[in-house]
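Engineer: Coordinates in target11.txt, compact mmCIF, C-alpha atoms, are listed below.
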# COMPACT_ATOMS: atom_id res chain seq x y z
CA MET M 1 77.69 -28.20 -24.12
CA ASN M 2 76.27 -30.84 -21.86
CA THR M 3 75.04 -28.23 -19.46
CA ARG M 4 73.43 -26.31 -22.33
CA MET M 5 71.51 -29.41 -23.43
CA THR M 6 70.13 -30.00 -19.96
CA VAL M 7 68.62 -26.55 -20.14
CA LEU M 8 67.30 -26.51 -23.76
CA VAL M 9 65.69 -29.97 -23.92
CA PRO M 10 63.26 -29.42 -21.08
CA LEU M 11 62.42 -25.96 -22.52
CA ALA M 12 61.54 -27.49 -25.88
CA ALA M 13 59.48 -30.15 -24.20
CA LEU M 14 57.76 -27.40 -22.22
CA PHE M 15 56.76 -25.44 -25.32
CA ALA M 16 55.57 -28.62 -27.03
CA ALA M 17 53.33 -29.40 -24.05
CA CYS M 18 51.88 -25.92 -23.98
CA THR M 19 50.82 -25.90 -27.65
CA SER M 20 48.44 -28.28 -29.37
CA ILE M 21 47.50 -28.91 -32.96
CA PRO M 22 44.30 -27.02 -33.89
CA GLU M 23 41.52 -29.49 -34.71
CA GLN M 24 37.82 -29.49 -35.50
CA ASN M 25 35.93 -29.79 -32.22
CA ALA M 26 32.48 -31.44 -32.34
CA ALA M 27 31.46 -29.96 -28.97
CA LEU M 28 32.36 -26.49 -30.17
CA ASP M 29 30.31 -26.93 -33.34
CA GLN M 30 27.38 -28.05 -31.25
CA ALA M 31 27.77 -25.03 -28.97
CA HIS M 32 27.93 -22.76 -32.00
CA SER M 33 24.69 -24.03 -33.51
CA ALA M 34 22.96 -23.95 -30.10
CA VAL M 35 23.86 -20.27 -29.66
CA ASP M 36 22.69 -19.54 -33.22
CA ALA M 37 19.37 -21.30 -32.58
CA ALA M 38 18.85 -19.35 -29.34
CA ARG M 39 19.69 -16.08 -31.12
CA HIS M 40 17.05 -16.83 -33.72
CA ASN M 41 14.42 -17.74 -31.12
CA PRO M 42 12.47 -14.50 -30.66
CA GLN M 43 11.21 -15.61 -27.24
CA VAL M 44 14.77 -16.13 -25.96
CA ALA M 45 16.03 -12.94 -27.61
CA ALA M 46 13.21 -10.94 -26.01
CA LEU M 47 12.88 -12.56 -22.59
CA ALA M 48 16.46 -13.67 -21.76
CA PRO M 49 18.77 -11.17 -23.48
CA ASP M 50 21.33 -11.15 -20.63
CA GLU M 51 21.55 -14.94 -20.52
CA LEU M 52 21.87 -15.04 -24.31
CA THR M 53 24.70 -12.52 -24.15
CA LYS M 54 26.51 -14.68 -21.58
CA ALA M 55 26.11 -17.72 -23.83
CA ALA M 56 27.46 -15.77 -26.80
CA ASP M 57 30.40 -14.52 -24.73
CA SER M 58 31.08 -18.06 -23.59
CA LEU M 59 31.04 -19.25 -27.21
CA ARG M 60 33.49 -16.51 -28.18
CA VAL M 61 35.87 -17.59 -25.41
CA ALA M 62 35.60 -21.22 -26.54
CA GLU M 63 36.24 -20.31 -30.17
CA GLN M 64 39.16 -18.14 -29.17
CA ALA M 65 40.60 -21.06 -27.20
CA ALA M 66 40.23 -23.30 -30.24
CA THR M 67 41.89 -20.69 -32.44
CA ASP M 68 44.68 -20.39 -29.90
CA HIS M 69 45.15 -24.17 -30.10
CA ALA M 70 44.11 -24.70 -26.51
CA ALA M 71 43.87 -28.24 -25.18
CA THR M 72 40.92 -30.24 -26.50
CA ALA M 73 39.76 -30.77 -22.94
CA THR M 74 39.75 -27.00 -22.44
CA VAL M 75 37.82 -26.36 -25.65
CA ASN M 76 35.41 -29.14 -24.75
CA HIS M 77 34.96 -27.63 -21.32
CA LEU M 78 34.30 -24.17 -22.76
CA ALA M 79 31.92 -25.63 -25.36
CA TYR M 80 30.06 -27.45 -22.59
CA MET M 81 29.83 -24.24 -20.58
CA THR M 82 28.42 -22.51 -23.66
CA LEU M 83 25.80 -25.24 -24.19
CA GLN M 84 24.72 -25.00 -20.55
CA ARG M 85 24.48 -21.20 -20.81
CA VAL M 86 22.22 -21.63 -23.85
CA ARG M 87 20.06 -23.98 -21.80
CA ILE M 88 19.91 -21.38 -19.02
CA ALA M 89 18.84 -18.74 -21.56
CA ASN M 90 16.15 -21.06 -23.00
CA ASP M 91 14.81 -22.04 -19.57
CA THR M 92 14.81 -18.44 -18.37
CA ALA M 93 12.84 -17.35 -21.45
CA SER M 94 10.41 -20.22 -21.06
CA SER M 95 9.90 -19.40 -17.37
CA LYS M 96 9.25 -15.75 -18.12
CA ALA M 97 6.81 -16.63 -20.89
CA SER M 98 4.92 -18.91 -18.51
CA GLN M 99 4.98 -16.23 -15.82
CA ALA M 100 3.52 -13.82 -18.35
CA VAL M 101 0.78 -16.33 -19.08
CA VAL M 102 0.09 -16.67 -15.35
CA ALA M 103 0.06 -12.91 -14.92
CA GLY M 104 -2.19 -12.56 -17.97
CA ALA M 105 -4.53 -15.19 -16.61
CA ALA M 106 -4.56 -13.41 -13.26
CA ALA M 107 -5.34 -10.14 -14.97
CA GLU M 108 -8.03 -11.87 -17.00
CA ARG M 109 -9.43 -13.40 -13.82
CA ASP M 110 -9.46 -10.01 -12.12
CA LYS M 111 -11.17 -8.53 -15.13
CA LEU M 112 -13.77 -11.29 -15.14
CA LEU M 113 -14.36 -10.95 -11.42
CA LEU M 114 -14.71 -7.21 -11.85
CA GLU M 115 -17.18 -7.77 -14.68
CA ALA M 116 -19.05 -10.29 -12.59
CA ARG M 117 -19.20 -7.83 -9.72
CA THR M 118 -20.28 -5.09 -12.08
CA ASN M 119 -23.02 -7.38 -13.35
CA GLU M 120 -24.03 -8.14 -9.79
CA ALA M 121 -24.10 -4.46 -9.05
CA ALA M 122 -26.10 -3.87 -12.22
CA SER M 123 -28.41 -6.66 -11.17
CA ALA M 124 -28.77 -5.18 -7.73
CA GLU M 125 -29.35 -1.84 -9.40
CA TYR M 126 -31.91 -3.55 -11.61
CA ALA M 127 -33.58 -4.95 -8.49
CA ALA M 128 -33.37 -1.55 -6.84
CA ASP M 129 -34.70 -0.07 -10.05
CA ASN M 130 -37.53 -2.59 -9.94
CA ALA M 131 -38.24 -1.70 -6.34
CA GLU M 132 -38.13 1.93 -7.36
CA LYS M 133 -40.51 1.18 -10.20
CA GLN M 134 -42.78 -0.64 -7.76
CA LEU M 135 -42.56 2.35 -5.51
CA ALA M 136 -43.23 4.64 -8.44
CA LEU M 137 -46.13 2.37 -9.37
CA SER M 138 -47.58 2.52 -5.87
CA GLU M 139 -46.94 6.23 -5.93
CA GLN M 140 -48.79 6.32 -9.21
CA ASN M 141 -51.57 4.37 -7.52
CA ASN M 142 -51.52 6.86 -4.72
CA ASP M 143 -51.53 9.63 -7.27
CA ARG M 144 -54.42 7.96 -9.02
CA LYS M 145 -56.28 7.64 -5.74
CA ALA M 146 -55.49 11.23 -4.99
CA ALA M 147 -56.69 12.10 -8.48
CA GLU M 148 -59.83 10.07 -7.85
CA LEU M 149 -60.31 11.90 -4.61
CA ALA M 150 -59.70 15.15 -6.41
CA ASN M 151 -62.17 14.03 -9.05
CA ALA M 152 -64.64 13.20 -6.33
CA ASP M 153 -64.02 16.60 -4.87
CA ALA M 154 -64.45 18.08 -8.29
CA ALA M 155 -67.64 16.06 -8.70
CA ALA M 156 -68.80 17.33 -5.35
CA ILE M 157 -67.97 20.80 -6.50
CA ARG M 158 -69.80 20.10 -9.71
CA ASN M 159 -72.68 18.75 -7.63
CA ASP M 160 -72.59 21.96 -5.71
CA ALA M 161 -72.53 23.66 -9.04
CA ARG M 162 -75.49 21.53 -10.04
CA VAL M 163 -77.28 22.42 -6.85
CA SER M 164 -76.68 26.04 -7.50
CA ASP M 165 -77.61 25.32 -11.09
CA LEU M 166 -80.77 23.76 -9.74
CA GLU M 167 -81.39 26.82 -7.71
CA MET M 168 -80.70 28.91 -10.78
CA GLN M 169 -83.13 26.84 -12.78
CA LEU M 170 -85.77 27.25 -10.18
CA LYS M 171 -85.03 30.88 -9.51
CA ASP M 172 -86.92 31.87 -12.58
CA LEU M 173 -89.85 30.11 -11.06
CA ASN M 174 -89.43 32.04 -7.82
CA ALA M 175 -88.61 28.84 -5.99
CA LYS M 176 -88.07 29.16 -2.29
CA LEU M 177 -85.96 26.89 -0.18
CA THR M 178 -88.06 25.53 2.66
CA ASP M 179 -87.76 22.68 5.17
CA ARG M 180 -89.68 20.47 2.74
CA GLY M 181 -87.32 21.31 -0.11
CA MET M 182 -87.49 23.74 -2.99
CA VAL M 183 -91.01 25.05 -3.35
CA VAL M 184 -92.24 26.61 -6.56
CA THR M 185 -95.50 28.48 -6.20
CA LEU M 186 -97.66 28.84 -9.19
CA GLY M 187 -100.14 31.62 -8.50
CA ASP M 188 -103.78 31.65 -9.46
CA VAL M 189 -102.87 33.60 -12.54
CA LEU M 190 -102.56 30.14 -13.98
CA PHE M 191 -106.24 29.52 -13.61
CA ASP M 192 -109.51 31.29 -14.09
CA THR M 193 -111.56 31.54 -10.94
CA GLY M 194 -113.25 28.25 -10.25
CA LYS M 195 -111.50 26.64 -13.21
CA SER M 196 -108.70 24.16 -13.39
CA GLN M 197 -107.72 24.99 -16.97
CA ILE M 198 -104.20 26.33 -17.19
CA LEU M 199 -104.06 29.68 -18.81
CA ALA M 200 -101.67 30.31 -21.66
CA SER M 201 -99.96 32.96 -19.55
CA GLY M 202 -98.79 30.28 -17.12
CA SER M 203 -97.59 27.89 -19.78
CA SER M 204 -94.07 29.33 -19.83
CA ASN M 205 -93.69 28.53 -16.12
CA ILE M 206 -95.04 25.04 -16.73
CA THR M 207 -92.55 24.55 -19.57
CA LYS M 208 -89.67 25.62 -17.33
CA LEU M 209 -90.83 23.14 -14.69
CA ALA M 210 -91.05 20.38 -17.25
CA ASP M 211 -87.51 21.14 -18.44
CA PHE M 212 -86.33 21.03 -14.87
CA PHE M 213 -87.88 17.63 -14.22
CA LYS M 214 -86.56 16.24 -17.49
CA ARG M 215 -83.06 17.41 -16.63
CA ASN M 216 -83.33 15.98 -13.14
CA PRO M 217 -85.07 12.67 -13.62
CA ALA M 218 -84.38 11.61 -10.04
CA ARG M 219 -86.30 14.54 -8.73
CA THR M 220 -89.68 13.75 -7.42
CA ALA M 221 -92.14 16.46 -6.66
CA LEU M 222 -95.42 16.76 -4.88
CA ILE M 223 -97.90 19.01 -6.63
CA GLU M 224 -100.07 20.53 -3.96
CA GLY M 225 -103.24 22.47 -4.69
CA TYR M 226 -104.59 25.25 -2.46
CA THR M 227 -107.63 27.54 -2.59
CA ASP M 228 -108.97 30.55 -0.73
CA ASP M 229 -111.83 30.15 1.67
CA VAL M 230 -114.48 31.34 -0.77
CA GLY M 231 -117.06 28.60 -1.25
CA ALA M 232 -117.60 25.28 0.41
CA PRO M 233 -114.49 23.58 1.73
CA SER M 234 -115.31 20.32 -0.05
CA VAL M 235 -115.65 22.22 -3.32
CA ASN M 236 -112.39 23.99 -2.61
CA LEU M 237 -110.70 20.66 -1.81
CA GLU M 238 -111.98 19.26 -5.07
CA LEU M 239 -110.89 22.38 -6.92
CA SER M 240 -107.39 22.27 -5.40
CA GLN M 241 -107.10 18.63 -6.46
CA GLN M 242 -108.23 19.41 -10.00
CA ARG M 243 -105.72 22.23 -10.26
CA ALA M 244 -102.88 20.05 -8.96
CA ASN M 245 -103.92 17.36 -11.42
CA ALA M 246 -104.02 19.95 -14.20
CA VAL M 247 -100.42 20.97 -13.48
CA MET M 248 -99.33 17.35 -13.31
CA THR M 249 -101.11 16.54 -16.57
CA ALA M 250 -99.49 19.54 -18.22
CA LEU M 251 -96.05 18.42 -17.04
CA ILE M 252 -96.62 14.85 -18.18
CA SER M 253 -97.79 16.12 -21.54
CA LEU M 254 -94.51 17.99 -21.78
CA GLY M 255 -92.54 14.73 -21.32
CA VAL M 256 -92.05 14.49 -17.57
CA PRO M 257 -92.39 10.87 -16.41
CA ALA M 258 -95.47 10.41 -14.24
CA GLY M 259 -93.39 8.54 -11.67
CA GLN M 260 -91.65 11.76 -10.71
CA LEU M 261 -94.85 13.48 -9.80
CA ALA M 262 -97.60 13.14 -7.27
CA THR M 263 -100.50 15.41 -6.29
CA LEU M 264 -102.00 16.43 -3.02
CA ALA M 265 -105.10 18.54 -2.44
CA HIS M 266 -105.16 20.90 0.51
CA GLY M 267 -108.35 22.84 -0.30
CA GLU M 268 -108.64 26.01 1.73
CA ASP M 269 -106.30 24.72 4.46
CA MET M 270 -102.86 26.18 5.09
CA PRO M 271 -103.35 29.63 3.66
CA THR M 272 -100.21 31.66 3.15
CA ALA M 273 -102.05 34.95 3.50
CA ASP M 274 -105.16 36.51 5.02
CA ASN M 275 -108.35 35.47 3.23
CA ALA M 276 -110.02 38.69 4.42
CA THR M 277 -108.44 40.71 1.66
CA ALA M 278 -108.56 40.17 -2.04
CA ALA M 279 -104.80 40.25 -2.24
CA GLY M 280 -104.56 37.67 0.53
CA ARG M 281 -107.10 35.43 -1.10
CA GLN M 282 -105.24 35.66 -4.39
CA MET M 283 -102.04 34.57 -2.68
CA ASN M 284 -103.88 31.65 -1.14
CA ARG M 285 -105.17 30.42 -4.49
CA ARG M 286 -102.07 28.59 -5.61
CA VAL M 287 -100.40 25.38 -6.64
CA GLU M 288 -97.13 24.60 -4.93
CA ILE M 289 -94.67 22.23 -6.45
CA VAL M 290 -92.54 20.85 -3.66
CA ILE M 291 -89.37 19.37 -5.05
CA ALA M 292 -88.18 16.71 -2.66
CA PRO M 293 -84.55 16.89 -1.69
CA THR M 294 -82.46 13.84 -2.58
CA SER M 295 -79.39 12.48 -0.84
CA LYS M 296 -77.28 13.53 -3.76
CA ASP M 297 -79.66 16.33 -4.47
CA VAL M 298 -78.97 15.72 -8.15
CA VAL M 299 -78.53 12.56 -10.17
CA SER M 300 -75.34 12.40 -12.08
CA ILE M 301 -76.05 11.87 -15.73
CA GLU M 302 -72.62 10.25 -16.34
CA MET L 303 82.42 -30.91 -6.87
CA ASN L 304 84.62 -30.09 -9.83
CA ILE L 305 82.05 -27.97 -11.59
CA PRO L 306 83.30 -24.45 -11.72
CA ARG L 307 81.44 -21.97 -9.60
CA PRO L 308 80.11 -19.72 -12.43
CA ILE L 309 78.54 -22.69 -14.16
CA ARG L 310 77.05 -23.90 -10.92
CA ILE L 311 75.44 -20.51 -10.44
CA ALA L 312 74.20 -20.47 -14.04
CA THR L 313 72.70 -23.94 -13.66
CA THR L 314 70.95 -22.94 -10.46
CA VAL L 315 69.51 -19.83 -12.11
CA MET L 316 68.35 -21.72 -15.21
CA THR L 317 66.78 -24.46 -13.10
CA SER L 318 64.99 -21.86 -11.06
CA ILE L 319 63.69 -20.21 -14.23
CA LEU L 320 62.67 -23.61 -15.61
CA PHE L 321 60.69 -24.44 -12.50
CA ALA L 322 59.14 -21.01 -12.50
CA VAL L 323 58.08 -21.36 -16.15
CA LEU L 324 56.88 -24.94 -15.66
CA GLY L 325 54.96 -23.78 -12.62
CA GLY L 326 53.28 -21.06 -14.69
CA CYS L 327 52.26 -23.45 -17.45
CA VAL L 328 51.35 -26.67 -15.72
CA THR L 329 50.59 -25.85 -12.14
CA THR L 330 47.36 -24.14 -11.22
CA PRO L 331 46.68 -22.70 -7.79
CA VAL L 332 44.47 -24.84 -5.56
CA PRO L 333 40.91 -24.15 -6.83
CA SER L 334 39.34 -23.74 -3.42
CA ALA L 335 37.44 -20.60 -4.42
CA GLN L 336 35.95 -22.20 -7.55
CA LEU L 337 35.05 -25.30 -5.58
CA ALA L 338 33.38 -23.22 -2.90
CA VAL L 339 31.32 -21.37 -5.49
CA ALA L 340 30.32 -24.65 -7.17
CA ASP L 341 29.46 -26.17 -3.81
CA ALA L 342 27.24 -23.21 -2.94
CA ALA L 343 25.49 -23.36 -6.34
CA VAL L 344 24.80 -27.08 -6.04
CA GLN L 345 23.52 -26.69 -2.48
CA HIS L 346 21.29 -23.87 -3.61
CA ALA L 347 19.92 -25.98 -6.43
CA ASN L 348 19.53 -29.10 -4.31
CA THR L 349 15.94 -28.56 -3.22
CA SER L 350 13.00 -30.92 -3.17
CA SER L 351 11.32 -29.10 -6.06
CA THR L 352 14.47 -29.27 -8.21
CA SER L 353 15.00 -32.95 -7.43
CA GLN L 354 11.36 -33.46 -8.39
CA ASP L 355 11.23 -31.36 -11.58
CA ALA L 356 14.88 -31.66 -12.82
CA PRO L 357 16.30 -34.77 -11.15
CA ALA L 358 18.69 -35.69 -14.00
CA GLU L 359 20.15 -32.17 -14.23
CA LEU L 360 20.60 -31.95 -10.47
CA GLN L 361 22.30 -35.35 -10.43
CA ILE L 362 24.76 -34.19 -13.11
CA ALA L 363 25.63 -31.10 -11.06
CA ILE L 364 26.18 -33.14 -7.90
CA ALA L 365 28.33 -35.69 -9.79
CA LYS L 366 30.33 -32.91 -11.42
CA LEU L 367 31.05 -31.29 -8.06
CA SER L 368 32.16 -34.62 -6.69
CA SER L 369 34.47 -35.09 -9.73
CA ALA L 370 35.89 -31.61 -9.17
CA ARG L 371 36.72 -32.52 -5.57
CA GLN L 372 38.31 -35.76 -6.77
CA ALA L 373 40.42 -33.82 -9.31
CA GLU L 374 41.49 -31.46 -6.55
CA THR L 375 42.46 -34.41 -4.39
CA ASN L 376 44.44 -35.75 -7.36
CA ARG L 377 46.09 -32.32 -7.65
CA ASP L 378 44.69 -31.99 -11.19
CA TYR L 379 43.76 -28.43 -10.37
CA GLU L 380 43.04 -27.31 -13.92
CA ARG L 381 40.52 -30.12 -14.35
CA ALA L 382 39.18 -29.39 -10.88
CA ILE L 383 38.53 -25.77 -11.87
CA GLN L 384 36.80 -26.81 -15.09
CA LEU L 385 34.68 -29.38 -13.29
CA ALA L 386 33.83 -26.86 -10.57
CA GLN L 387 32.75 -24.32 -13.20
CA GLU L 388 30.69 -26.96 -14.96
CA ALA L 389 29.12 -28.06 -11.66
CA GLU L 390 28.15 -24.46 -10.98
CA VAL L 391 26.52 -23.98 -14.38
CA ASP L 392 24.91 -27.46 -14.16
CA ALA L 393 23.36 -26.45 -10.83
CA GLN L 394 21.94 -23.30 -12.43
CA VAL L 395 20.59 -25.34 -15.34
CA ALA L 396 18.92 -27.75 -12.89
CA GLU L 397 17.32 -24.88 -10.99
CA LEU L 398 16.06 -23.10 -14.11
CA THR L 399 14.79 -26.31 -15.70
CA ALA L 400 12.77 -26.99 -12.56
CA GLN L 401 11.58 -23.40 -12.43
CA SER L 402 10.53 -23.45 -16.08
CA ALA L 403 8.62 -26.71 -15.51
CA ARG L 404 6.87 -25.21 -12.48
CA THR L 405 5.88 -21.99 -14.22
CA ARG L 406 4.69 -23.97 -17.26
CA ARG L 407 2.42 -25.97 -14.96
CA ALA L 408 1.25 -22.79 -13.25
CA ALA L 409 0.47 -21.26 -16.64
CA VAL L 410 -1.63 -24.25 -17.65
CA GLU L 411 -3.40 -24.28 -14.29
CA SER L 412 -4.17 -20.58 -14.36
CA GLN L 413 -5.50 -20.87 -17.90
CA ASP L 414 -7.69 -23.76 -16.82
CA ALA L 415 -8.84 -21.75 -13.80
CA ALA L 416 -9.65 -18.81 -16.06
CA HIS L 417 -11.75 -21.10 -18.27
CA VAL L 418 -13.58 -22.47 -15.23
CA LEU L 419 -14.16 -18.92 -14.00
CA VAL L 420 -15.51 -17.85 -17.38
CA GLU L 421 -17.91 -20.78 -17.40
CA GLU L 422 -18.98 -20.15 -13.82
CA ILE L 423 -19.63 -16.47 -14.50
CA ASP L 424 -21.51 -17.32 -17.68
CA ARG L 425 -23.69 -19.71 -15.74
CA GLN L 426 -24.33 -17.10 -13.07
CA ASN L 427 -25.17 -14.54 -15.69
CA HIS L 428 -27.60 -16.92 -17.37
CA ARG L 429 -29.19 -17.73 -14.04
CA ARG L 430 -29.48 -14.06 -13.22
CA ALA L 431 -30.84 -13.29 -16.64
CA ASP L 432 -33.41 -16.06 -16.14
CA GLN L 433 -34.36 -14.63 -12.77
CA GLU L 434 -34.64 -11.19 -14.22
CA TYR L 435 -36.66 -12.58 -17.08
CA GLN L 436 -39.03 -14.11 -14.57
Please lay out the structure from this file as structure tokens.

Structural biologist:
Amino acid sequence: MNTRMTVLVPLAALFAACTSIPEQNAALDQAHSAVDAARHNPQVAALAPDELTKAADSLRVAEQAATDHAATATVNHLAYMTLQRVRIANDTASSKASQAVVAGAAAERDKLLLEARTNEAASAEYAADNAEKQLALSEQNNDRKAAELANADAAAIRNDARVSDLEMQLKDLNAKLTDRGMVVTLGDVLFDTGKSQILASGSSNITKLADFFKRNPARTALIEGYTDDVGAPSVNLELSQQRANAVMTALISLGVPAGQLATLAHGEDMPTADNATAAGRQMNRRVEIVIAPTSKDVVSIE
Amino acid sequence: MNIPRPIRIATTVMTSILFAVLGGCVTTPVPSAQLAVADAAVQHANTSSTSQDAPAELQIAIAKLSSARQAETNRDYERAIQLAQEAEVDAQVAELTAQSARTRRAAVESQDAAHVLVEEIDRQNHRRADQEYQ
């Protein structure tokens, strides 16, 4: 009996020591609400799910210990561990959120730098574009100069055309190109023998000459009178002058400015044919209109 | 010894069982492993940046580790294990608190830098636009 008691009493004491009365634990309640708060924080739930799970597991262990009537110190310890795990979850989430902000800012910075560089490039392109435009402009200038040169060439060609036109105009008048210029010879058919009155038959030639001088106002001409050797030379000189004057008067009356014209009497000098024959003498009785060549040969009307 | 032999044997067996059971309930193996883990965690956390950004948390971890060692010395192994576990988690809390403070600062700084950059680029753009306008 005595021996039995020595065995049973310590056993009972042992079991009493191992169990404890279940009681409301403030630390456990605190841990519970902390885990709940973390669960309902979307940032923590999203950014620290593993840490949150550990906190929840820790809370479950603590609650199980409380249910199993574990020692208050043990429950307190487990509740404290849970609280610290919640803090770890919160801090982890906060760190990750801040890291995301840093990364976002870095991305934003890169984007801005890229934009800035793009702008610089665009600006450089703009400058290059400007330079190109300048170049294009100078090219345009060159083109314009080339065009001007071409125009000048064209004008020269037109001048040539005019010259040939001039020749055409004078061709009707049987003009001949000589060293002195274009020479139009009006034969004595213009005049009666010994007279300086222009015959009607010659008026068409006079009209053509007048047109020519009016179209070419820069043209000056010397109207030279010649005779055959019949009669006194002084008379012939006088006659040649009168005939030259008659032509000049006729031209002026047709609108040619007097400034373009001048007369010269040659009398019986400088015959173009033999005065021994009638045909030769007829050829010598003439008025020559010598159209002086000009540097441009023709005045541009433009 | 007038105790009969069978009883003596029974008493010896029961006492052995009692000690075995008591050992299972009360005694805890020496928590050297837990203490080593806690020590490593606290050492890891004990950096200049943690002591700067989470000094209170770090101090708690260090104090808890020291208490765990004291409990071990006092052969209160269960308490030593608990304190070692708490020291370990306290060290982690100190580290993460410091880290979260640092990253929060970095976030603010980078946002400020981004603002400055935006302003600087705007100014450059305006200047360039002015130049181009001229």

Engineer: So that I can see what lies close to stretch 380-397 of chain L, please list as a ChimeraX atom specification the residues with an atom at most 9 Å from it, counting all atoms listed in the file and leaving out residues fewer than 5 positions away in the same chain.

Structural biologist: /M:73-74,77-78,80-81,84-85,87-88,91 /L:328-334,336-349,351-353,355-375,402

Engineer: As a VMD selection string, please: the residues near M:Glu63 (cut-off 10 Å, all atoms listed in the file, same-chain neighbours under 2 positions excluded).

Structural biologist: chain M and resid 25 28 to 29 31 to 32 57 to 61 65 to 70 75 78 to 79

Engineer: Near chain M, which residues of chain L fall within 8 Å when you count all atoms listed in the file, and what do they look like as a PyMOL selection string?

Structural biologist: chain L and resi 313+316-317+320+324+327+384+387-388+391-392+394-395+398-399+401-403+405-406+408-409+412-413+416+419-420+423+427+430

Engineer: Find the axis-aligned box for stretch 375-389 of chain L, covering all its listed atoms and adding 5 Å on each side, and write its centre and edge lengths in Å to one decimal as JSON.

Structural biologist:
{"center_x": 37.6, "center_y": -30.0, "center_z": -9.7, "size_x": 27.0, "size_y": 21.4, "size_z": 20.7}

Engineer: Give me, please, the distance in Å between atom CA of M:Val287 and atom CA of M:Val183, quoted to one decimal.

Structural biologist: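 Computing the Euclidean distance for atom CA of M:Val287 and atom CA of M:Val183 yields 10.0 Å.
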
Engineer: Closest to M:Gln197 among M:Ala276, M:Ala128, M:Met248, M:Leu135, using all atoms listed in the file?

Structural biologist: M:Met248

Engineer: Please list as an MDAnalysis selection string every residue within 10 Å of M:Val230, counting all atoms listed in the file and excluding residues in the same chain fewer than 4 positions away.

Structural biologist: chainID M and resid 235:236 268 275 281

Engineer: Any idea what the distance is between atom CA of M:Ala250 and atom CA of M:Ile198?

Structural biologist: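 Answer for the atom CA of M:Ala250 to atom CA of M:Ile198 separation: 8.3 Å.
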
Engineer: To one decimal in Å, tell me the separation between atom CA of L:Arg407 and atom CA of M:Val44.

Structural biologist: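 We find that atom CA of L:Arg407 and atom CA of M:Val44 lie 19.2 Å from each other.
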
Engineer: Which polymer residues have any atom within 10 Å of an atom of M:Lys214, counting all atoms listed in the file, with same-chain residues fewer than 6 positions away left out, as number ranges by chain?

Structural biologist: M: 208, 251, 254-257, 260
